[in-house]
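Right, one structure below, let's go through it.
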Amino acid sequence: GALPRLIGCLSLGISVPHANWNQSLIDLVRNSVWALTNLFRGGGIPASEFLGIQNPQLSINQGHMPRLTSRDVAMLLSAPEVFPPSVIDGSTIDATQTTWNDVAIETCWLVSFLTRDSIAVDFLCGENGQDGKCNVISMLVSRLVQA
């Protein structure tokens, strides 16, 4: 039951208009990525449970569960560049608060565990975005170069 809710939190968090952001939203997104990473780290859940991979072996019930798309993962990796980090709710973020950079770092960890599965590697390396130009691995490399 937790997996669809966590993925839903991520999708919601990255789709909220900038004017409606607050620290709680960023904390929710970061904590959701962190929780997904820890769920997958144990190795008992296949990458197809997390990612929107078209797999004919999935049951009909599993097919309706929300999953991360390559576009979601790319957006989370690029969050510091896509989402302005300096001011939320009219106040400057201090060093103790979660930032979009923290979200990107947690997403790097998630990708590192997801890529243990060759199907996930193919999915993340492919051009699976709606516009055909979403490559998560190139976003990951960009993020790691900046670290």
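To be explicit about the labels: the chains of the structure tokens are called A, B, and onward in the order shown, and within each one the residues are counted from 1, while ligands get numbers from 1 in the order they are shown.
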
Find the residues near segment 71-82 of chain A: any atom within 6 Å, counting only C-alpha atoms, skip ones fewer than 2 places away on the same chain, and give them as a PyMOL selection string. chain A and resi 68-69+100-101+104+129+136

Preceding selection exported with all heavy atoms as a PDB file, in the first residue's frame:
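The result, stored in again-v4.pdb:
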```pdb
ATOM      1  N   LEU A  68       6.578   5.572 -11.455  1.00  0.00           N
ATOM      2  CA  LEU A  68       7.424   6.671 -11.888  1.00  0.00           C
ATOM      3  C   LEU A  68       7.704   6.542 -13.378  1.00  0.00           C
ATOM      4  O   LEU A  68       8.014   5.461 -13.866  1.00  0.00           O
ATOM      5  CB  LEU A  68       8.758   6.653 -11.144  1.00  0.00           C
ATOM      6  CG  LEU A  68       8.730   6.982  -9.662  1.00  0.00           C
ATOM      7  CD1 LEU A  68      10.112   6.821  -9.071  1.00  0.00           C
ATOM      8  CD2 LEU A  68       8.220   8.388  -9.440  1.00  0.00           C
ATOM      9  N   THR A  69       7.615   7.645 -14.067  1.00  0.00           N
ATOM     10  CA  THR A  69       8.010   7.677 -15.471  1.00  0.00           C
ATOM     11  C   THR A  69       9.454   8.160 -15.548  1.00  0.00           C
ATOM     12  O   THR A  69       9.994   8.712 -14.573  1.00  0.00           O
ATOM     13  CB  THR A  69       7.112   8.637 -16.268  1.00  0.00           C
ATOM     14  OG1 THR A  69       7.345   9.974 -15.812  1.00  0.00           O
ATOM     15  CG2 THR A  69       5.639   8.274 -16.121  1.00  0.00           C
ATOM     16  N   TRP A 100      15.595  21.602  -2.976  1.00  0.00           N
ATOM     17  CA  TRP A 100      15.462  20.772  -4.164  1.00  0.00           C
ATOM     18  C   TRP A 100      16.763  20.037  -4.453  1.00  0.00           C
ATOM     19  O   TRP A 100      16.752  18.972  -5.066  1.00  0.00           O
ATOM     20  CB  TRP A 100      15.013  21.606  -5.352  1.00  0.00           C
ATOM     21  CG  TRP A 100      13.575  22.020  -5.257  1.00  0.00           C
ATOM     22  CD1 TRP A 100      13.099  23.288  -5.088  1.00  0.00           C
ATOM     23  CD2 TRP A 100      12.431  21.168  -5.307  1.00  0.00           C
ATOM     24  NE1 TRP A 100      11.718  23.260  -5.030  1.00  0.00           N
ATOM     25  CE2 TRP A 100      11.287  21.982  -5.172  1.00  0.00           C
ATOM     26  CE3 TRP A 100      12.246  19.791  -5.460  1.00  0.00           C
ATOM     27  CZ2 TRP A 100       9.991  21.469  -5.181  1.00  0.00           C
ATOM     28  CZ3 TRP A 100      10.959  19.279  -5.473  1.00  0.00           C
ATOM     29  CH2 TRP A 100       9.851  20.123  -5.340  1.00  0.00           C
ATOM     30  N   ASN A 101      17.900  20.582  -4.011  1.00  0.00           N
ATOM     31  CA  ASN A 101      19.168  19.866  -4.170  1.00  0.00           C
ATOM     32  C   ASN A 101      19.142  18.562  -3.373  1.00  0.00           C
ATOM     33  O   ASN A 101      19.636  17.529  -3.836  1.00  0.00           O
ATOM     34  CB  ASN A 101      20.342  20.747  -3.745  1.00  0.00           C
ATOM     35  CG  ASN A 101      21.664  20.160  -4.169  1.00  0.00           C
ATOM     36  OD1 ASN A 101      21.863  19.870  -5.347  1.00  0.00           O
ATOM     37  ND2 ASN A 101      22.550  19.973  -3.219  1.00  0.00           N
ATOM     38  N   ALA A 104      17.307  16.035  -5.366  1.00  0.00           N
ATOM     39  CA  ALA A 104      18.126  15.486  -6.451  1.00  0.00           C
ATOM     40  C   ALA A 104      19.130  14.468  -5.919  1.00  0.00           C
ATOM     41  O   ALA A 104      19.358  13.424  -6.551  1.00  0.00           O
ATOM     42  CB  ALA A 104      18.844  16.615  -7.189  1.00  0.00           C
ATOM     43  N   GLY A 129      10.335   9.758 -22.619  1.00  0.00           N
ATOM     44  CA  GLY A 129       9.499  10.900 -22.303  1.00  0.00           C
ATOM     45  C   GLY A 129       8.442  11.123 -23.361  1.00  0.00           C
ATOM     46  O   GLY A 129       8.512  10.577 -24.459  1.00  0.00           O
ATOM     47  N   VAL A 136      17.285   9.809 -18.511  1.00  0.00           N
ATOM     48  CA  VAL A 136      17.587   9.928 -17.088  1.00  0.00           C
ATOM     49  C   VAL A 136      19.076   9.785 -16.818  1.00  0.00           C
ATOM     50  O   VAL A 136      19.625  10.493 -15.973  1.00  0.00           O
ATOM     51  CB  VAL A 136      16.781   8.884 -16.283  1.00  0.00           C
ATOM     52  CG1 VAL A 136      17.209   8.848 -14.839  1.00  0.00           C
ATOM     53  CG2 VAL A 136      15.300   9.195 -16.399  1.00  0.00           C
TER      54      VAL A 136
END
```

Measuring atom to atom with only C-alpha atoms, identify which of A:Ser142, A:Leu39, A:Arg67, A:Gln23 is nearest to Leu10 of chain A.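 So, comparing all the options, the nearest one is A:Arg67.
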
Under the rule that only C-alpha atoms are counted, which of A:Ile45, A:Leu3, A:Leu12, A:Val29 is the nearest residue to Val103 of chain A?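 With only C-alpha atoms as the atom set, the closest residue is A:Val29.
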
For Asp102 of chain A, please output as a PyMOL selection string all residues within 12 Å (counting only C-alpha atoms; exclusion window: fewer than 6 positions along the same chain). chain A and resi 26-34+76-80+85+95-96+108-109+143+147

Smallest atom-to-atom distance to Glu49 of chain A: which of A:Met139, A:Ile119, A:Thr99, A:Cys9, using only C-alpha atoms?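 Answer, going by the shortest atom-to-atom distance: A:Ile119.
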